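Here the structure comes first, spelled out in structure tokens, and everything after it is commentary.
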Amino acid sequence: MASKTPTATIVTACDSSFLWGALLLIVSLRFHKVNLPVHVFAVGFDEEHKRMITQFPDVTIYDSESQHGKVPEILEFTRNNLNLFKPRAMLTAVSDYMIWMDADCVVNGNVTESLIKDTRSFDIRFRGAKENVLRFDGYYGTGDVSGSIPKGILRKWQQDVGEREESQIKTAPSAFCLRVHKNYRPFIQKWEDFMVQLLSQHPGPINKNTSSYVFSTGSSLSDELALSALLAFSKDEITLGEFNLDKDLSSRLIHFQGYPKPWQGWNGRTFQHFDLVCSLVEWAQSTGYYLPPIPWVFKRRNKVCCYLQRTLDASKHLLKALVKMFLPKGIIRKLR
């Protein structure tokens, strides 16, 4: 008897500033024949925004005020950090697999086979040593190995979680995409509860001086670091699976990490996907989907201008870095 094909639901979350991000994700899925259900956990959407999202087949919108999307009150005060809604959004899925994708991602091919394989695991990408160095810059102390999770961070995580003595992970994960079997629904709820606990303990500003759950480049509680702490020290038995949505370059998940986002402008990492994004927008238009006004950076005729814009922006960032590196802090404050 043939085994049953697993079911899967793709989930994301955003506010109106990421409307274009959610639309690009959905358009890329449907353009590339990924016909799995999509749930969008929306914060602050008006009726027009909701119509734009739900016009696509098998796309459902949830909001923080709805019966299914209701989140703890303390999370309502973190609307500027929508990733804290990630567990609540994932739990709207009732399929065999919950698949989280950040609302600044697109696919460039049909990734369905990778999404529905029956591994019954918790699939997540773990960062390499160089990424850890960037993320934990300023946290490393005496005896720490560069590229590892700093010992001081691990010590605080162990104290907060308190269910194991030794860490079960060697490096921090990247949670822009998660593929999680339904057996781990209680763990996803535990993740939300843990973030609520952390926010309750730090009612004031959260930064790297007040919390072990903020990256050196961040300014708010990181859902990734909260998840890292649980993966490291919770008693739950988690079968970690390999993240494979970046293996096949012709059919993979693309994450527009950093700023500006494509609908705001292009940077050195994202510009390589200019033609893909233009193709997605053109397909959606030709198919008759209702879209927001098309940004000039999504128009193919403006490719040269977009290239010059991203080059200029890169030069500005380089100049700022050089100034910060070579000028004394006192002089920099005076210049400001």
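Following the order of the structure tokens, chains are lettered A, B, ..., residues in each are numbered from 1, and ligands are numbered from 1.
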
Next on the checklist: To test your reading of the structure, identify every residue in stretch 178-297 of chain A that backbone DSSP assigns to strand (DSSP E or B), and report it as a PyMOL selection string.
Outcome noted: chain A and resi 178-181+240-242+253-255

Output file for the residues above (N, CA, C and O atoms, as a PDB file, in the first residue's frame):
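Okay, again-v9.pdb is ready:
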```
ATOM      1  N   LEU A 178      11.632  27.658   8.443  1.00  0.00           N
ATOM      2  CA  LEU A 178      11.553  26.472   9.305  1.00  0.00           C
ATOM      3  C   LEU A 178      10.595  25.480   8.663  1.00  0.00           C
ATOM      4  O   LEU A 178       9.551  25.870   8.134  1.00  0.00           O
ATOM      5  N   ARG A 179      10.953  24.224   8.742  1.00  0.00           N
ATOM      6  CA  ARG A 179      10.057  23.165   8.272  1.00  0.00           C
ATOM      7  C   ARG A 179       9.889  22.199   9.439  1.00  0.00           C
ATOM      8  O   ARG A 179      10.816  21.483   9.807  1.00  0.00           O
ATOM      9  N   VAL A 180       8.685  22.196  10.034  1.00  0.00           N
ATOM     10  CA  VAL A 180       8.497  21.551  11.333  1.00  0.00           C
ATOM     11  C   VAL A 180       7.335  20.565  11.268  1.00  0.00           C
ATOM     12  O   VAL A 180       6.228  20.924  10.845  1.00  0.00           O
ATOM     13  N   HIS A 181       7.593  19.343  11.706  1.00  0.00           N
ATOM     14  CA  HIS A 181       6.527  18.334  11.731  1.00  0.00           C
ATOM     15  C   HIS A 181       5.535  18.643  12.855  1.00  0.00           C
ATOM     16  O   HIS A 181       5.888  19.232  13.885  1.00  0.00           O
ATOM     17  N   LEU A 240      16.598  17.111  14.630  1.00  0.00           N
ATOM     18  CA  LEU A 240      16.925  18.209  13.730  1.00  0.00           C
ATOM     19  C   LEU A 240      17.228  17.663  12.348  1.00  0.00           C
ATOM     20  O   LEU A 240      18.037  16.746  12.184  1.00  0.00           O
ATOM     21  N   GLY A 241      16.563  18.233  11.349  1.00  0.00           N
ATOM     22  CA  GLY A 241      16.765  17.808   9.962  1.00  0.00           C
ATOM     23  C   GLY A 241      17.591  18.822   9.199  1.00  0.00           C
ATOM     24  O   GLY A 241      17.733  19.980   9.601  1.00  0.00           O
ATOM     25  N   GLU A 242      18.113  18.393   8.076  1.00  0.00           N
ATOM     26  CA  GLU A 242      18.949  19.258   7.249  1.00  0.00           C
ATOM     27  C   GLU A 242      18.086  20.238   6.466  1.00  0.00           C
ATOM     28  O   GLU A 242      17.083  19.855   5.865  1.00  0.00           O
ATOM     29  N   LEU A 253      14.927  28.604  -2.100  1.00  0.00           N
ATOM     30  CA  LEU A 253      14.346  29.734  -1.402  1.00  0.00           C
ATOM     31  C   LEU A 253      15.392  30.837  -1.307  1.00  0.00           C
ATOM     32  O   LEU A 253      16.519  30.607  -0.867  1.00  0.00           O
ATOM     33  N   ILE A 254      15.017  32.034  -1.722  1.00  0.00           N
ATOM     34  CA  ILE A 254      15.917  33.190  -1.702  1.00  0.00           C
ATOM     35  C   ILE A 254      15.455  34.139  -0.603  1.00  0.00           C
ATOM     36  O   ILE A 254      14.276  34.506  -0.542  1.00  0.00           O
ATOM     37  N   HIS A 255      16.387  34.503   0.260  1.00  0.00           N
ATOM     38  CA  HIS A 255      16.067  35.392   1.377  1.00  0.00           C
ATOM     39  C   HIS A 255      16.691  36.758   1.134  1.00  0.00           C
ATOM     40  O   HIS A 255      17.912  36.874   1.013  1.00  0.00           O
TER      41      HIS A 255
END
```

Checklist entry - A:Thr5: which residues within 10 Å, counting only C-alpha atoms, same-chain residues fewer than 3 positions away excluded, as a ChimeraX atom specification? => result /A:2,8,96,116-118

Item to check | Selection: 10 Å around A:Glu131, only C-alpha atoms, excl. self and same-chain fewer than 3 positions, as a PyMOL selection string | outcome: chain A and resi 126-128+134-137+147-148+171-172+174

Atoms to include: C-alpha atoms. Write the selected residues as a compact mmCIF listing (two decimals), in the first residue's frame.
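Produced file out-v5.txt, reproduced below:
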```txt
# COMPACT_ATOMS: atom_id res chain seq x y z
CA PHE A 126 22.43 26.49 11.26
CA ARG A 127 24.84 29.37 10.84
CA GLY A 128 28.47 28.91 9.87
CA LEU A 134 29.13 38.78 12.82
CA ARG A 135 26.07 38.05 14.92
CA PHE A 136 27.91 37.78 18.26
CA ASP A 137 30.47 40.52 17.71
CA GLY A 147 32.69 31.47 15.48
CA SER A 148 31.12 29.58 18.38
CA THR A 171 26.04 27.12 16.55
CA ALA A 172 23.01 29.40 16.34
CA SER A 174 18.80 31.04 11.23
```

Checklist entry - Quick one: residues within 12 Å of A:Ser17, only C-alpha atoms counted, chain neighbours fewer than 6 positions away excluded, as a list of chain:residue names? => result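 Using only C-alpha atoms, the neighbours found are A:Leu23, A:Ala42, A:Val43, A:Gly44, A:Phe45, A:His49, A:Arg79, A:Asn80, A:Leu82, A:Ala103, A:Asp104, A:Lys261, A:Trp263, A:Gln264, A:Pro292.
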
Next on the checklist: Taking only C-alpha atoms into account, name the residue in A:Leu84, A:Asn183, A:His32, A:Lys50 that is nearest to A:Leu19.
Outcome noted: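 Selected residue with least distance to A:Leu19: A:Lys50.
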
Checklist entry - Leaving out A:Phe187 and any residue of its chain fewer than 4 positions from it, which residues lie within 10 Å of it when counting only C-alpha atoms, given as a ChimeraX atom specification? => result /A:87,182-183,191-193,227,230-231,234,236-238

Checklist entry - So which bits of stretch 80-281 of chain A end up helix (DSSP H, G or I) when you DSSP the backbone, as a PyMOL selection string? => result chain A and resi 82-90+112-116+129-135+151-161+182-201+223-233+271-281

Next on the checklist: Can you tell me which residues surround A:Arg252 at a distance of at most 9 Å, considering only C-alpha atoms, apart from same-chain residues fewer than 5 positions away, and format the answer as a list in words?
Outcome noted: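 Skipping anything fewer than 5 positions along the chain leaves Val106, Val107, Asn108, Gly109, Asn110, Val111, Asn244, Leu245, Asp246 and Lys247 of chain A.
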
Next on the checklist: With distances taken over only C-alpha atoms, which residue among A:Phe298, A:Trp266, A:Trp157, A:Tyr184 lies nearest A:Ser228?
Outcome noted: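 With only C-alpha atoms as the atom set, the closest residue is A:Trp157.
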
Next on the checklist: Show me, as a list in words, the residues that have an atom within 8 Å of A:Met52 when counting only C-alpha atoms, minus same-chain residues fewer than 3 positions from it.
Outcome noted: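 So the residues in contact are Leu23, Glu48, His49, Gln55, Phe56, Tyr289, Tyr290 and Leu291 of chain A.
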
Let's have the selection written as a compact mmCIF listing (two decimals), in the first residue's frame, with C-alpha atoms.
```txt
# COMPACT_ATOMS: atom_id res chain seq x y z
CA LEU A 23 2.86 39.44 -2.29
CA GLU A 48 -7.67 46.54 0.64
CA HIS A 49 -4.46 44.87 1.81
CA GLN A 55 -7.17 37.01 -4.16
CA PHE A 56 -4.63 34.23 -4.73
CA TYR A 289 -3.99 40.17 -10.09
CA TYR A 290 -4.64 43.41 -8.24
CA LEU A 291 -1.36 44.86 -6.96
```

Checklist entry - A:Ile99, A:Trp20, A:Ala93, A:Thr239: which is nearest A:Thr119, counting only C-alpha atoms? => result A:Thr239

Next on the checklist: What's the separation between atom CA of A:Lys299 and atom CA of A:Thr287, in Å to one decimal place?
Outcome noted: 16.9 Å

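Using only C-alpha atoms, the shortest contact distance between A:Val11 and any of A:Gly152, A:Pro293, A:Pro57, A:Pro37 is found at A:Pro37.
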